[in-house]
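Next comes target.txt, with compact mmCIF, N, CA and C atoms.
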```txt
# COMPACT_ATOMS: atom_id res chain seq x y z
N MET A 23 86.82 81.92 62.63
CA MET A 23 86.47 83.31 62.72
C MET A 23 86.51 83.74 64.19
N ILE A 24 87.13 84.88 64.46
CA ILE A 24 87.27 85.38 65.82
C ILE A 24 86.22 86.46 66.06
N ASN A 25 85.41 86.29 67.11
CA ASN A 25 84.40 87.30 67.42
C ASN A 25 85.01 88.41 68.28
N ARG A 26 84.22 89.46 68.56
CA ARG A 26 84.71 90.60 69.32
C ARG A 26 85.19 90.21 70.72
N LYS A 27 84.46 89.34 71.36
CA LYS A 27 84.82 88.90 72.70
C LYS A 27 86.19 88.21 72.68
N SER A 28 86.41 87.36 71.69
CA SER A 28 87.70 86.68 71.56
C SER A 28 88.81 87.66 71.24
N GLN A 29 88.52 88.65 70.40
CA GLN A 29 89.53 89.67 70.07
C GLN A 29 89.95 90.42 71.32
N GLY A 30 88.97 90.79 72.16
CA GLY A 30 89.28 91.50 73.41
C GLY A 30 90.14 90.66 74.33
N PHE A 31 89.78 89.38 74.45
CA PHE A 31 90.55 88.48 75.29
C PHE A 31 91.98 88.33 74.78
N LEU A 32 92.13 88.15 73.47
CA LEU A 32 93.47 88.01 72.88
C LEU A 32 94.29 89.28 73.06
N ALA A 33 93.67 90.44 72.92
CA ALA A 33 94.39 91.70 73.12
C ALA A 33 94.86 91.83 74.56
N ALA A 34 93.99 91.48 75.52
CA ALA A 34 94.36 91.55 76.93
C ALA A 34 95.48 90.56 77.25
N LEU A 35 95.37 89.36 76.71
CA LEU A 35 96.39 88.35 76.92
C LEU A 35 97.73 88.81 76.36
N SER A 36 97.72 89.40 75.19
CA SER A 36 98.96 89.92 74.59
C SER A 36 99.57 91.00 75.45
N ALA A 37 98.75 91.91 75.97
CA ALA A 37 99.26 93.00 76.81
C ALA A 37 99.91 92.44 78.07
N VAL A 38 99.28 91.44 78.69
CA VAL A 38 99.84 90.83 79.89
C VAL A 38 101.17 90.15 79.55
N PHE A 39 101.20 89.40 78.46
CA PHE A 39 102.42 88.71 78.06
C PHE A 39 103.55 89.71 77.82
N LEU A 40 103.28 90.78 77.10
CA LEU A 40 104.32 91.77 76.83
C LEU A 40 104.79 92.45 78.10
N GLY A 41 103.87 92.71 79.02
CA GLY A 41 104.26 93.30 80.30
C GLY A 41 105.17 92.39 81.09
N PHE A 42 104.82 91.11 81.18
CA PHE A 42 105.66 90.17 81.91
C PHE A 42 106.98 89.92 81.19
N GLN A 43 106.96 89.95 79.87
CA GLN A 43 108.19 89.75 79.11
C GLN A 43 109.17 90.87 79.43
N SER A 44 108.71 92.11 79.54
CA SER A 44 109.61 93.21 79.84
C SER A 44 110.17 93.06 81.25
N LEU A 45 109.41 92.49 82.19
CA LEU A 45 109.91 92.27 83.53
C LEU A 45 111.09 91.31 83.53
N SER A 46 111.06 90.34 82.68
CA SER A 46 112.09 89.31 82.68
C SER A 46 113.47 89.86 82.39
N TYR A 47 113.55 91.03 81.81
CA TYR A 47 114.85 91.57 81.45
C TYR A 47 115.18 92.85 82.19
N GLY A 48 114.22 93.46 82.90
CA GLY A 48 114.45 94.76 83.47
C GLY A 48 115.02 94.80 84.86
N LEU A 49 114.81 93.82 85.69
CA LEU A 49 115.12 93.92 87.09
C LEU A 49 116.61 93.81 87.36
N VAL A 50 117.25 94.93 87.59
CA VAL A 50 118.65 95.02 87.98
C VAL A 50 119.56 94.17 87.11
N GLY A 51 119.34 94.18 85.85
CA GLY A 51 120.21 93.48 84.92
C GLY A 51 120.21 91.98 85.06
N SER A 52 119.25 91.44 85.78
CA SER A 52 119.23 89.99 85.98
C SER A 52 118.29 89.34 84.99
N ALA A 53 118.34 88.05 84.96
CA ALA A 53 117.36 87.28 84.18
C ALA A 53 116.62 86.42 85.19
N PRO A 54 115.69 87.03 85.97
CA PRO A 54 115.02 86.29 87.04
C PRO A 54 114.15 85.17 86.53
N HIS A 55 113.81 84.29 87.45
CA HIS A 55 112.91 83.17 87.15
C HIS A 55 111.49 83.71 87.10
N THR A 56 110.61 83.04 86.40
CA THR A 56 109.21 83.44 86.43
C THR A 56 108.36 82.25 86.84
N LEU A 57 107.30 82.53 87.55
CA LEU A 57 106.36 81.52 88.00
C LEU A 57 104.98 81.99 87.60
N GLU A 58 104.36 81.32 86.66
CA GLU A 58 103.04 81.71 86.18
C GLU A 58 102.99 83.19 85.85
N GLY A 59 104.02 83.69 85.19
CA GLY A 59 104.04 85.08 84.77
C GLY A 59 104.52 86.05 85.82
N ILE A 60 104.81 85.60 87.03
CA ILE A 60 105.30 86.46 88.10
C ILE A 60 106.82 86.30 88.17
N THR A 61 107.51 87.42 88.11
CA THR A 61 108.96 87.38 88.21
C THR A 61 109.35 87.03 89.64
N GLU A 62 110.28 86.09 89.79
CA GLU A 62 110.76 85.68 91.10
C GLU A 62 112.26 85.84 91.20
N LEU A 63 112.70 86.24 92.37
CA LEU A 63 114.12 86.26 92.70
C LEU A 63 114.33 85.36 93.90
N SER A 64 115.42 84.65 93.93
CA SER A 64 115.74 83.82 95.09
C SER A 64 116.20 84.72 96.24
N PRO A 65 116.17 84.21 97.46
CA PRO A 65 116.70 85.00 98.58
C PRO A 65 118.15 85.44 98.34
N GLN A 66 118.97 84.58 97.77
CA GLN A 66 120.36 84.96 97.49
C GLN A 66 120.43 86.13 96.51
N GLU A 67 119.58 86.10 95.46
CA GLU A 67 119.55 87.20 94.49
C GLU A 67 119.11 88.49 95.16
N VAL A 68 118.11 88.41 96.03
CA VAL A 68 117.64 89.61 96.75
C VAL A 68 118.76 90.14 97.64
N TYR A 69 119.42 89.25 98.37
CA TYR A 69 120.52 89.66 99.26
C TYR A 69 121.64 90.34 98.47
N GLN A 70 122.01 89.77 97.35
CA GLN A 70 123.09 90.33 96.54
C GLN A 70 122.72 91.69 95.94
N LYS A 71 121.44 91.92 95.69
CA LYS A 71 120.99 93.14 95.02
C LYS A 71 120.26 94.10 95.96
N LYS A 72 120.32 93.83 97.28
CA LYS A 72 119.51 94.58 98.23
C LYS A 72 119.78 96.09 98.21
N ASP A 73 120.96 96.50 97.83
CA ASP A 73 121.27 97.93 97.78
C ASP A 73 120.62 98.62 96.59
N HIS A 74 120.12 97.84 95.63
CA HIS A 74 119.50 98.40 94.42
C HIS A 74 117.99 98.17 94.37
N LEU A 75 117.46 97.51 95.38
CA LEU A 75 116.04 97.16 95.40
C LEU A 75 115.35 97.81 96.59
N LYS A 76 114.08 98.11 96.43
CA LYS A 76 113.24 98.47 97.57
C LYS A 76 112.57 97.17 97.99
N VAL A 77 112.80 96.76 99.22
CA VAL A 77 112.23 95.51 99.74
C VAL A 77 110.95 95.86 100.49
N ILE A 78 109.82 95.33 100.00
CA ILE A 78 108.53 95.56 100.62
C ILE A 78 108.03 94.24 101.19
N ASP A 79 107.86 94.21 102.50
CA ASP A 79 107.37 93.03 103.20
C ASP A 79 105.86 93.20 103.36
N VAL A 80 105.08 92.29 102.80
CA VAL A 80 103.62 92.43 102.78
C VAL A 80 102.91 91.65 103.90
N ARG A 81 103.67 91.20 104.89
CA ARG A 81 103.06 90.47 106.01
C ARG A 81 102.41 91.43 107.01
N ARG A 82 101.62 90.86 107.89
CA ARG A 82 100.98 91.63 108.96
C ARG A 82 102.03 92.10 109.98
N PRO A 83 101.72 93.12 110.77
CA PRO A 83 102.69 93.62 111.77
C PRO A 83 103.18 92.54 112.73
N ASP A 84 102.28 91.65 113.18
CA ASP A 84 102.69 90.60 114.12
C ASP A 84 103.65 89.61 113.49
N GLU A 85 103.62 89.46 112.18
CA GLU A 85 104.53 88.54 111.49
C GLU A 85 105.90 89.18 111.23
N PHE A 86 105.90 90.48 111.03
CA PHE A 86 107.11 91.22 110.65
C PHE A 86 108.23 91.04 111.69
N ASN A 87 107.87 91.01 112.96
CA ASN A 87 108.86 90.88 114.03
C ASN A 87 108.79 89.56 114.77
N ASN A 88 108.15 88.54 114.15
CA ASN A 88 108.05 87.25 114.83
C ASN A 88 109.35 86.46 114.70
N GLU A 89 109.27 85.16 114.92
CA GLU A 89 110.48 84.33 114.92
C GLU A 89 111.24 84.33 113.60
N LEU A 90 110.57 84.59 112.49
CA LEU A 90 111.26 84.66 111.20
C LEU A 90 111.94 86.01 110.99
N GLY A 91 111.51 87.02 111.72
CA GLY A 91 112.07 88.35 111.56
C GLY A 91 111.76 88.94 110.19
N HIS A 92 112.55 89.95 109.81
CA HIS A 92 112.38 90.58 108.51
C HIS A 92 113.75 90.96 107.95
N ILE A 93 113.78 91.22 106.67
CA ILE A 93 115.02 91.60 106.00
C ILE A 93 115.41 93.00 106.47
N PRO A 94 116.66 93.20 106.89
CA PRO A 94 117.08 94.54 107.30
C PRO A 94 116.80 95.56 106.20
N GLY A 95 116.17 96.67 106.60
CA GLY A 95 115.84 97.72 105.65
C GLY A 95 114.50 97.55 104.95
N ALA A 96 113.83 96.42 105.18
CA ALA A 96 112.53 96.18 104.54
C ALA A 96 111.50 97.15 105.08
N ILE A 97 110.57 97.51 104.21
CA ILE A 97 109.44 98.36 104.57
C ILE A 97 108.21 97.46 104.64
N ARG A 98 107.47 97.57 105.75
CA ARG A 98 106.28 96.74 105.89
C ARG A 98 105.07 97.48 105.34
N VAL A 99 104.43 96.89 104.33
CA VAL A 99 103.21 97.41 103.73
C VAL A 99 102.29 96.21 103.55
N THR A 100 101.32 96.06 104.44
CA THR A 100 100.47 94.88 104.47
C THR A 100 99.68 94.71 103.18
N LEU A 101 99.63 93.48 102.69
CA LEU A 101 98.85 93.13 101.50
C LEU A 101 97.40 93.52 101.74
N GLY A 102 96.79 94.10 100.73
CA GLY A 102 95.40 94.55 100.83
C GLY A 102 95.32 96.04 100.56
N GLU A 103 94.45 96.70 101.28
CA GLU A 103 94.21 98.13 101.05
C GLU A 103 95.47 98.97 101.26
N GLN A 104 96.26 98.63 102.28
CA GLN A 104 97.49 99.39 102.54
C GLN A 104 98.45 99.29 101.34
N LEU A 105 98.61 98.10 100.79
CA LEU A 105 99.48 97.94 99.63
C LEU A 105 98.92 98.68 98.41
N THR A 106 97.63 98.57 98.18
CA THR A 106 97.01 99.25 97.05
C THR A 106 97.26 100.75 97.13
N ASN A 107 97.05 101.34 98.31
CA ASN A 107 97.30 102.77 98.49
C ASN A 107 98.77 103.12 98.26
N PHE A 108 99.66 102.28 98.77
CA PHE A 108 101.09 102.48 98.60
C PHE A 108 101.46 102.48 97.11
N LEU A 109 100.94 101.50 96.37
CA LEU A 109 101.26 101.38 94.95
C LEU A 109 100.67 102.53 94.14
N GLN A 110 99.50 103.01 94.52
CA GLN A 110 98.87 104.11 93.78
C GLN A 110 99.71 105.37 93.84
N SER A 111 100.46 105.56 94.92
CA SER A 111 101.25 106.78 95.06
C SER A 111 102.74 106.56 94.81
N GLY A 112 103.13 105.35 94.42
CA GLY A 112 104.55 105.02 94.28
C GLY A 112 105.13 105.34 92.92
N ASN A 113 106.43 105.14 92.83
CA ASN A 113 107.21 105.34 91.60
C ASN A 113 107.17 104.05 90.78
N LYS A 114 106.51 104.09 89.65
CA LYS A 114 106.32 102.88 88.83
C LYS A 114 107.60 102.44 88.12
N GLU A 115 108.66 103.24 88.21
CA GLU A 115 109.95 102.88 87.61
C GLU A 115 110.91 102.27 88.64
N GLU A 116 110.51 102.28 89.91
CA GLU A 116 111.37 101.78 90.98
C GLU A 116 111.49 100.26 90.92
N GLU A 117 112.63 99.75 91.32
CA GLU A 117 112.86 98.31 91.36
C GLU A 117 112.47 97.80 92.74
N ILE A 118 111.44 96.96 92.78
CA ILE A 118 110.86 96.51 94.05
C ILE A 118 110.83 94.99 94.08
N VAL A 119 111.13 94.44 95.24
CA VAL A 119 110.91 93.02 95.48
C VAL A 119 109.96 92.90 96.66
N PHE A 120 108.94 92.07 96.50
CA PHE A 120 107.96 91.84 97.56
C PHE A 120 108.32 90.56 98.30
N VAL A 121 108.12 90.59 99.62
CA VAL A 121 108.49 89.48 100.50
C VAL A 121 107.31 89.16 101.42
N CYS A 122 107.13 87.87 101.72
CA CYS A 122 106.14 87.46 102.71
C CYS A 122 106.71 86.25 103.46
N ARG A 123 105.86 85.46 104.06
CA ARG A 123 106.31 84.30 104.83
C ARG A 123 106.83 83.19 103.93
N SER A 124 106.04 82.83 102.87
CA SER A 124 106.40 81.68 102.06
C SER A 124 106.48 81.95 100.56
N GLY A 125 106.02 83.11 100.13
CA GLY A 125 106.07 83.46 98.70
C GLY A 125 104.72 83.63 98.03
N THR A 126 103.65 83.23 98.70
CA THR A 126 102.32 83.32 98.09
C THR A 126 101.81 84.76 98.06
N ARG A 127 101.82 85.42 99.21
CA ARG A 127 101.32 86.81 99.25
C ARG A 127 102.22 87.76 98.47
N SER A 128 103.53 87.50 98.46
CA SER A 128 104.42 88.38 97.69
C SER A 128 104.16 88.22 96.19
N ALA A 129 103.79 87.03 95.75
CA ALA A 129 103.42 86.84 94.34
C ALA A 129 102.14 87.62 94.03
N GLN A 130 101.18 87.62 94.96
CA GLN A 130 99.95 88.40 94.77
C GLN A 130 100.27 89.89 94.68
N ALA A 131 101.17 90.36 95.55
CA ALA A 131 101.57 91.77 95.54
C ALA A 131 102.27 92.12 94.23
N THR A 132 103.11 91.22 93.74
CA THR A 132 103.80 91.45 92.48
C THR A 132 102.80 91.55 91.34
N ALA A 133 101.83 90.65 91.32
CA ALA A 133 100.80 90.69 90.28
C ALA A 133 100.02 92.00 90.34
N GLU A 134 99.69 92.45 91.54
CA GLU A 134 98.96 93.72 91.68
C GLU A 134 99.81 94.88 91.16
N SER A 135 101.10 94.88 91.49
CA SER A 135 101.97 95.97 91.03
C SER A 135 102.06 96.00 89.51
N VAL A 136 102.10 94.85 88.89
CA VAL A 136 102.15 94.78 87.42
C VAL A 136 100.85 95.33 86.83
N ARG A 137 99.73 94.93 87.41
CA ARG A 137 98.43 95.45 86.95
C ARG A 137 98.35 96.97 87.05
N MET A 138 99.06 97.52 88.04
CA MET A 138 99.02 98.97 88.26
C MET A 138 100.09 99.71 87.45
N GLY A 139 100.83 98.99 86.62
CA GLY A 139 101.78 99.64 85.72
C GLY A 139 103.22 99.68 86.17
N TYR A 140 103.55 98.98 87.26
CA TYR A 140 104.96 98.92 87.69
C TYR A 140 105.73 98.06 86.70
N LYS A 141 106.96 98.47 86.40
CA LYS A 141 107.74 97.79 85.36
C LYS A 141 108.79 96.83 85.90
N PHE A 142 109.27 97.04 87.12
CA PHE A 142 110.39 96.26 87.63
C PHE A 142 110.10 95.73 89.02
N THR A 143 109.17 94.80 89.11
CA THR A 143 108.84 94.21 90.41
C THR A 143 108.99 92.70 90.36
N ALA A 144 109.28 92.13 91.52
CA ALA A 144 109.46 90.68 91.62
C ALA A 144 109.00 90.21 92.99
N SER A 145 108.78 88.92 93.10
CA SER A 145 108.45 88.26 94.35
C SER A 145 109.67 87.44 94.78
N MET A 146 109.97 87.46 96.08
CA MET A 146 111.07 86.63 96.57
C MET A 146 110.55 85.21 96.79
N SER A 147 111.12 84.27 96.08
CA SER A 147 110.67 82.87 96.17
C SER A 147 110.98 82.30 97.55
N GLY A 148 110.01 81.58 98.08
CA GLY A 148 110.18 80.91 99.36
C GLY A 148 110.01 81.79 100.57
N GLY A 149 109.89 83.09 100.38
CA GLY A 149 109.66 84.03 101.46
C GLY A 149 110.69 83.98 102.57
N MET A 150 110.27 84.47 103.74
CA MET A 150 111.18 84.53 104.89
C MET A 150 111.53 83.15 105.42
N ILE A 151 110.71 82.16 105.12
CA ILE A 151 111.08 80.80 105.52
C ILE A 151 112.37 80.41 104.82
N ARG A 152 112.41 80.59 103.52
CA ARG A 152 113.62 80.22 102.76
C ARG A 152 114.79 81.15 103.10
N TRP A 153 114.52 82.45 103.29
CA TRP A 153 115.57 83.40 103.67
C TRP A 153 116.28 82.91 104.93
N ASN A 154 115.48 82.49 105.92
CA ASN A 154 116.05 81.98 107.17
C ASN A 154 116.78 80.66 106.96
N GLU A 155 116.23 79.77 106.15
CA GLU A 155 116.88 78.49 105.87
C GLU A 155 118.25 78.69 105.24
N GLU A 156 118.40 79.76 104.49
CA GLU A 156 119.68 80.04 103.84
C GLU A 156 120.63 80.83 104.72
N GLY A 157 120.20 81.12 105.95
CA GLY A 157 121.07 81.77 106.92
C GLY A 157 121.37 83.23 106.64
N LEU A 158 120.48 83.89 105.92
CA LEU A 158 120.69 85.30 105.60
C LEU A 158 120.27 86.18 106.79
N PRO A 159 120.83 87.39 106.89
CA PRO A 159 120.58 88.22 108.07
C PRO A 159 119.13 88.67 108.21
N VAL A 160 118.66 88.72 109.46
CA VAL A 160 117.30 89.17 109.77
C VAL A 160 117.35 90.17 110.93
N GLU A 161 116.31 90.98 110.99
CA GLU A 161 116.08 91.86 112.14
C GLU A 161 114.82 91.38 112.84
N LYS A 162 114.82 91.53 114.16
CA LYS A 162 113.63 91.19 114.97
C LYS A 162 113.46 92.29 116.00
N LYS A 163 112.78 93.35 115.61
CA LYS A 163 112.58 94.48 116.53
C LYS A 163 111.22 94.42 117.14
```
Using structure tokens, write down the structure from this file.
Amino acid sequence: MINRKSQGFLAALSAVFLGFQSLSYGLVGSAPHTLEGITELSPQEVYQKKDHLKVIDVRRPDEFNNELGHIPGAIRVTLGEQLTNFLQSGNKEEEIVFVCRSGTRSAQATAESVRMGYKFTASMSGGMIRWNEEGLPVEKK
């Protein structure tokens, strides 16, 4: 027998599953990888699709222009209150990829965007460390 508390939990779990399932098929016609329910794109996938994605770098200002640089055209919106405000006023239908140093903060940003109703967001796996390892272009302003 399932009690009310269990019913609520199952309903919430179903909603999260359905939300993440829709992400798996929506992002620029790709079938991205998922990590614990977070859609991930490799640096190569981001580079190939950069003209169709809004790239949001969630690192601090001092990291954005450090030795790892940033993806050309990326917008810096620091994880935390700044990102929350940005997402509250953003287009929930826009295709966004979040980037950070190693992939942890971008996964957090992706999870927050999904909670806020965004339909097509992903985290770049490996962050700027992997982007640089793969020799992809960077800016350091």
Residues within 7 Å of A:Ser128, only N, CA and C atoms, excluding chain neighbours under 5 positions, as a VMD selection string: chain A and resid 80 120 to 123 133 144 to 146
Write the selection just made, keeping N, CA and C atoms, as a PDB file, in the coordinates of the input?
```pdb
ATOM      1  N   VAL A  80     105.080  92.290 102.800  1.00  0.00           N
ATOM      2  CA  VAL A  80     103.620  92.430 102.780  1.00  0.00           C
ATOM      3  C   VAL A  80     102.910  91.650 103.900  1.00  0.00           C
ATOM      4  N   PHE A 120     108.940  92.070  96.500  1.00  0.00           N
ATOM      5  CA  PHE A 120     107.960  91.840  97.560  1.00  0.00           C
ATOM      6  C   PHE A 120     108.320  90.560  98.300  1.00  0.00           C
ATOM      7  N   VAL A 121     108.120  90.590  99.620  1.00  0.00           N
ATOM      8  CA  VAL A 121     108.490  89.480 100.500  1.00  0.00           C
ATOM      9  C   VAL A 121     107.310  89.160 101.420  1.00  0.00           C
ATOM     10  N   CYS A 122     107.130  87.870 101.720  1.00  0.00           N
ATOM     11  CA  CYS A 122     106.140  87.460 102.710  1.00  0.00           C
ATOM     12  C   CYS A 122     106.710  86.250 103.460  1.00  0.00           C
ATOM     13  N   ARG A 123     105.860  85.460 104.060  1.00  0.00           N
ATOM     14  CA  ARG A 123     106.310  84.300 104.830  1.00  0.00           C
ATOM     15  C   ARG A 123     106.830  83.190 103.930  1.00  0.00           C
ATOM     16  N   ALA A 133     101.830  90.650  91.320  1.00  0.00           N
ATOM     17  CA  ALA A 133     100.800  90.690  90.280  1.00  0.00           C
ATOM     18  C   ALA A 133     100.020  92.000  90.340  1.00  0.00           C
ATOM     19  N   ALA A 144     109.280  92.130  91.520  1.00  0.00           N
ATOM     20  CA  ALA A 144     109.460  90.680  91.620  1.00  0.00           C
ATOM     21  C   ALA A 144     109.000  90.210  92.990  1.00  0.00           C
ATOM     22  N   SER A 145     108.780  88.920  93.100  1.00  0.00           N
ATOM     23  CA  SER A 145     108.450  88.260  94.350  1.00  0.00           C
ATOM     24  C   SER A 145     109.670  87.440  94.780  1.00  0.00           C
ATOM     25  N   MET A 146     109.970  87.460  96.080  1.00  0.00           N
ATOM     26  CA  MET A 146     111.070  86.630  96.570  1.00  0.00           C
ATOM     27  C   MET A 146     110.550  85.210  96.790  1.00  0.00           C
TER      28      MET A 146
END
```
With only C-alpha atoms as the basis for distance, which of A:Ser111, A:Glu85, A:Leu90, A:Ile60 is at the shortest distance from A:Gly157? A:Leu90
Judged by only N, CA and C atoms, the minimum distance to A:Asp79 among A:Thr100, A:Ala131, A:Gln66, A:Thr106 is found for A:Thr100
Close residues, A:Asn87 itself excluded, 12 Å, only C-alpha atoms, min 4 positions apart in chain, as an NGL selection string: :A and (79 or 81-83 or 91-94 or 96 or 98 or 123 or 150 or 160-163)
If I take atom CA of A:His74 and atom CA of A:Gln104, how far is one from the other in Å, to one decimal? 23.5 Å
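Atom to atom, atom CA of A:Met138 and atom CA of A:Pro65 stand 24.8 Å apart.
Atom CA of A:Gly112 is positioned 23.8 Å from atom CA of A:Gln70.
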Using only C-alpha atoms for the distances, tell me which of A:Ile151, A:Glu134, A:Val119, A:Arg127 is nearest to A:Glu67.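 Of A:Ile151, A:Glu134, A:Val119, A:Arg127, the one nearest A:Glu67, counting only C-alpha atoms, is A:Val119.
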Between A:Asp84, A:Glu89, A:Glu117, A:Glu103, single out the one closest to A:Lys72, counting only C-alpha atoms.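 With only C-alpha atoms as the atom set, the closest residue is A:Glu117.
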Strand (DSSP E or B) residues, from DSSP on the backbone, in stretch 45-162 of chain A, as a ChimeraX atom specification: /A:55-57,60-63,76-79,92,97-98,117-121,142-146,161
Using N, CA and C atoms, can you export the residues from the last selection as a PDB file, keeping the file's coordinate frame?
```pdb
ATOM      1  N   HIS A  55     113.810  84.290  87.450  1.00  0.00           N
ATOM      2  CA  HIS A  55     112.910  83.170  87.150  1.00  0.00           C
ATOM      3  C   HIS A  55     111.490  83.710  87.100  1.00  0.00           C
ATOM      4  N   THR A  56     110.610  83.040  86.400  1.00  0.00           N
ATOM      5  CA  THR A  56     109.210  83.440  86.430  1.00  0.00           C
ATOM      6  C   THR A  56     108.360  82.250  86.840  1.00  0.00           C
ATOM      7  N   LEU A  57     107.300  82.530  87.550  1.00  0.00           N
ATOM      8  CA  LEU A  57     106.360  81.520  88.000  1.00  0.00           C
ATOM      9  C   LEU A  57     104.980  81.990  87.600  1.00  0.00           C
ATOM     10  N   ILE A  60     104.810  85.600  87.030  1.00  0.00           N
ATOM     11  CA  ILE A  60     105.300  86.460  88.100  1.00  0.00           C
ATOM     12  C   ILE A  60     106.820  86.300  88.170  1.00  0.00           C
ATOM     13  N   THR A  61     107.510  87.420  88.110  1.00  0.00           N
ATOM     14  CA  THR A  61     108.960  87.380  88.210  1.00  0.00           C
ATOM     15  C   THR A  61     109.350  87.030  89.640  1.00  0.00           C
ATOM     16  N   GLU A  62     110.280  86.090  89.790  1.00  0.00           N
ATOM     17  CA  GLU A  62     110.760  85.680  91.100  1.00  0.00           C
ATOM     18  C   GLU A  62     112.260  85.840  91.200  1.00  0.00           C
ATOM     19  N   LEU A  63     112.700  86.240  92.370  1.00  0.00           N
ATOM     20  CA  LEU A  63     114.120  86.260  92.700  1.00  0.00           C
ATOM     21  C   LEU A  63     114.330  85.360  93.900  1.00  0.00           C
ATOM     22  N   LYS A  76     114.080  98.110  96.430  1.00  0.00           N
ATOM     23  CA  LYS A  76     113.240  98.470  97.570  1.00  0.00           C
ATOM     24  C   LYS A  76     112.570  97.170  97.990  1.00  0.00           C
ATOM     25  N   VAL A  77     112.800  96.760  99.220  1.00  0.00           N
ATOM     26  CA  VAL A  77     112.230  95.510  99.740  1.00  0.00           C
ATOM     27  C   VAL A  77     110.950  95.860 100.490  1.00  0.00           C
ATOM     28  N   ILE A  78     109.820  95.330 100.000  1.00  0.00           N
ATOM     29  CA  ILE A  78     108.530  95.560 100.620  1.00  0.00           C
ATOM     30  C   ILE A  78     108.030  94.240 101.190  1.00  0.00           C
ATOM     31  N   ASP A  79     107.860  94.210 102.500  1.00  0.00           N
ATOM     32  CA  ASP A  79     107.370  93.030 103.200  1.00  0.00           C
ATOM     33  C   ASP A  79     105.860  93.200 103.360  1.00  0.00           C
ATOM     34  N   HIS A  92     112.550  89.950 109.810  1.00  0.00           N
ATOM     35  CA  HIS A  92     112.380  90.580 108.510  1.00  0.00           C
ATOM     36  C   HIS A  92     113.750  90.960 107.950  1.00  0.00           C
ATOM     37  N   ILE A  97     110.570  97.510 104.210  1.00  0.00           N
ATOM     38  CA  ILE A  97     109.440  98.360 104.570  1.00  0.00           C
ATOM     39  C   ILE A  97     108.210  97.460 104.640  1.00  0.00           C
ATOM     40  N   ARG A  98     107.470  97.570 105.750  1.00  0.00           N
ATOM     41  CA  ARG A  98     106.280  96.740 105.890  1.00  0.00           C
ATOM     42  C   ARG A  98     105.070  97.480 105.340  1.00  0.00           C
ATOM     43  N   GLU A 117     112.630  99.750  91.320  1.00  0.00           N
ATOM     44  CA  GLU A 117     112.860  98.310  91.360  1.00  0.00           C
ATOM     45  C   GLU A 117     112.470  97.800  92.740  1.00  0.00           C
ATOM     46  N   ILE A 118     111.440  96.960  92.780  1.00  0.00           N
ATOM     47  CA  ILE A 118     110.860  96.510  94.050  1.00  0.00           C
ATOM     48  C   ILE A 118     110.830  94.990  94.080  1.00  0.00           C
ATOM     49  N   VAL A 119     111.130  94.440  95.240  1.00  0.00           N
ATOM     50  CA  VAL A 119     110.910  93.020  95.480  1.00  0.00           C
ATOM     51  C   VAL A 119     109.960  92.900  96.660  1.00  0.00           C
ATOM     52  N   PHE A 120     108.940  92.070  96.500  1.00  0.00           N
ATOM     53  CA  PHE A 120     107.960  91.840  97.560  1.00  0.00           C
ATOM     54  C   PHE A 120     108.320  90.560  98.300  1.00  0.00           C
ATOM     55  N   VAL A 121     108.120  90.590  99.620  1.00  0.00           N
ATOM     56  CA  VAL A 121     108.490  89.480 100.500  1.00  0.00           C
ATOM     57  C   VAL A 121     107.310  89.160 101.420  1.00  0.00           C
ATOM     58  N   PHE A 142     109.270  97.040  87.120  1.00  0.00           N
ATOM     59  CA  PHE A 142     110.390  96.260  87.630  1.00  0.00           C
ATOM     60  C   PHE A 142     110.100  95.730  89.020  1.00  0.00           C
ATOM     61  N   THR A 143     109.170  94.800  89.110  1.00  0.00           N
ATOM     62  CA  THR A 143     108.840  94.210  90.410  1.00  0.00           C
ATOM     63  C   THR A 143     108.990  92.700  90.360  1.00  0.00           C
ATOM     64  N   ALA A 144     109.280  92.130  91.520  1.00  0.00           N
ATOM     65  CA  ALA A 144     109.460  90.680  91.620  1.00  0.00           C
ATOM     66  C   ALA A 144     109.000  90.210  92.990  1.00  0.00           C
ATOM     67  N   SER A 145     108.780  88.920  93.100  1.00  0.00           N
ATOM     68  CA  SER A 145     108.450  88.260  94.350  1.00  0.00           C
ATOM     69  C   SER A 145     109.670  87.440  94.780  1.00  0.00           C
ATOM     70  N   MET A 146     109.970  87.460  96.080  1.00  0.00           N
ATOM     71  CA  MET A 146     111.070  86.630  96.570  1.00  0.00           C
ATOM     72  C   MET A 146     110.550  85.210  96.790  1.00  0.00           C
ATOM     73  N   GLU A 161     116.310  90.980 110.990  1.00  0.00           N
ATOM     74  CA  GLU A 161     116.080  91.860 112.140  1.00  0.00           C
ATOM     75  C   GLU A 161     114.820  91.380 112.840  1.00  0.00           C
TER      76      GLU A 161
END
```
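Shortest separation to A:Asn113 among A:Ser64, A:Val136, A:Lys141, A:Phe86 occurs at residue A:Lys141, atoms counted being all atoms listed in the file.
With distances restricted to only C-alpha atoms, A:Tyr69 is the closest residue to A:Glu156 from A:Val77, A:Gly102, A:Tyr140, A:Tyr69.
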